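Below is one structure, written out as structure tokens, with a few remarks after it.
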Amino acid sequence: MTRRTDWAEYASGSAGPGDGAYGAAAAPYETDPFAMGPREDAATRHGDGEARHGGGRGRGAGGGRGRRKRERAEASAEDGGATSSSRAEKGEPPRDPVEQARAICLRLLTGTPRTRRQLADALRKREIPDEAAEEVLSRFEEVGLINDGAFAQAWVESRHHGRGLARRALARELRTKGVDTTLIDAAVSRLDTEQEEETARDLVARKLRATRGLDRDKRLRRLAGMLARKGYPEGMALRVVRQALEEEGEDTEYLGDEGF
């Protein structure tokens with residue numbers, strides 16, 4: 001059964017599928033629910049000296065209690081509202097699971113893109129019914145708040161240039177985040193072999209100095225192993241390392257692949 005839910009409050013102003021702006025629609029929900037009420041009037045603030053003195057002590061204890069109340073309220077807000085036990089104690093009906101799922105997803109998407117699988121796992125951990133989770137996740141995809149294709153492309157761009165990861169390692173990371181294989185292939189295909197090899201050369205050049213003083217075979221294993229952990233094919237790793245060692249004057253003529 002599909003619930004009729006008013007999505008206009010975040011659909012208007014949401015990022016479109018091509019905007020790359022994940023979580024933009026969360027801004028309307030940043031209003032502070034714990035804003036202070038009207039201040040006390042002057043008569044209340046300025047009593048006689050004894051009253052002020054006693055009030056100072058009272059404010060110290062009351063301030064601690066107030067902070068604890070606010071902390072409990074903030075923790076409750078992070079989970080999308082009051083817990084079911086507290087609502088039951090007050091005789092209130094359970095919160096609509098669709099609204100709860102929507103609040104959880106918006107909070108998780110604020111400032112951090114996530115895949116549909118990641119959000120689905122988070123909703124499952126919070127015991128959101130599958131029907132409500134599916135409704136919210138599908139609607140978020142429609143308005144562009146969830147876009148696994150854009151997520152995969154941004155991930156490849158960031159992790160390749162930031163960490164030097166090759167296509168194999170990038171694809172492995174995206175699979176753990178639940179991205180569809182077709183979207184992974186499209187994202188990693190943006191990196192060609194030449195670009196991958198150029199990045200491998202830069203990585204070896206930065207690590208080469210730290211291996212000076214070691215024997216030739218050990219340098220080969222250490223540098224090639226570093227590239228292998230980042231997902232570079234064995235043949236490319238050995239070729240790049242050999243060339244770097246040759247440029248430093250190492251004799252690699254009889255250096256076999258078994259060293260790697």
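Letters for chains follow the order of the structure tokens (A, B, ...), residue numbers begin at 1 for each chain, and ligand numbers begin at 1 in the order shown.
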
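When the distance limit is 7 Å and only C-alpha atoms are what count, the residues near Ile146 (chain A), minus those fewer than 2 positions from it on the same chain, are Thr115, Arg116, Phe140, Glu141, Gly144 and Asp148 of chain A.
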
Quick one: residues within 12 Å of Ala210 (chain A), only C-alpha atoms counted, chain neighbours fewer than 6 positions away excluded, as a PyMOL selection string? chain A and resi 204+219+222-223

Go ahead and dump the residues you just picked, N, CA, C and O atoms, as an mmCIF file, in the first residue's frame.
data_model
loop_
_atom_site.group_PDB
_atom_site.id
_atom_site.type_symbol
_atom_site.label_atom_id
_atom_site.label_comp_id
_atom_site.auth_asym_id
_atom_site.auth_seq_id
_atom_site.Cartn_x
_atom_site.Cartn_y
_atom_site.Cartn_z
ATOM 1 N N VAL A 204 55.512 5.898 -7.790
ATOM 2 C CA VAL A 204 56.845 5.307 -7.633
ATOM 3 C C VAL A 204 57.885 6.399 -7.422
ATOM 4 O O VAL A 204 58.790 6.261 -6.583
ATOM 5 N N ARG A 219 64.062 -3.447 -3.396
ATOM 6 C CA ARG A 219 63.426 -2.218 -3.879
ATOM 7 C C ARG A 219 62.307 -2.555 -4.858
ATOM 8 O O ARG A 219 61.229 -1.962 -4.821
ATOM 9 N N ARG A 222 59.276 -3.960 -2.929
ATOM 10 C CA ARG A 222 58.576 -2.957 -2.125
ATOM 11 C C ARG A 222 57.771 -2.003 -3.011
ATOM 12 O O ARG A 222 56.614 -1.696 -2.720
ATOM 13 N N LEU A 223 58.356 -1.517 -4.082
ATOM 14 C CA LEU A 223 57.672 -0.550 -4.941
ATOM 15 C C LEU A 223 56.555 -1.216 -5.743
ATOM 16 O O LEU A 223 55.450 -0.668 -5.867
#

Which parts of region 73-241 of chain A does DSSP call alpha helix (DSSP H) when run on the backbone here, written out as a VMD selection string? chain A and resid 73 to 78 84 to 90 97 to 109 116 to 125 130 to 142 148 to 163 167 to 176 181 to 188 193 to 208 216 to 229 234 to 241

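Closest approach to Thr112 (chain A) among A:Ala133, A:Met226, A:Leu145, A:Ile128 is made by A:Leu145 (distances from only C-alpha atoms).
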
With only C-alpha atoms as the atoms that count, which of A:Ala228, A:Leu208, A:Pro233, A:Gln118 lies nearest to Thr176 (chain A)? A:Gln118

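Note that the spacing between CA of Leu123 (chain A) and CA of Leu174 (chain A) amounts to 19.9 Å.
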
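Among A:Gly231, A:Leu108, A:Ala205, A:Ala103, the residue with the shortest atom-to-atom distance to Arg159 (chain A), counting only C-alpha atoms, is A:Gly231.
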
Between CA of Ala166 (chain A) and CA of Glu196 (chain A), measure the distance and give it in Å to one decimal. 6.3 Å
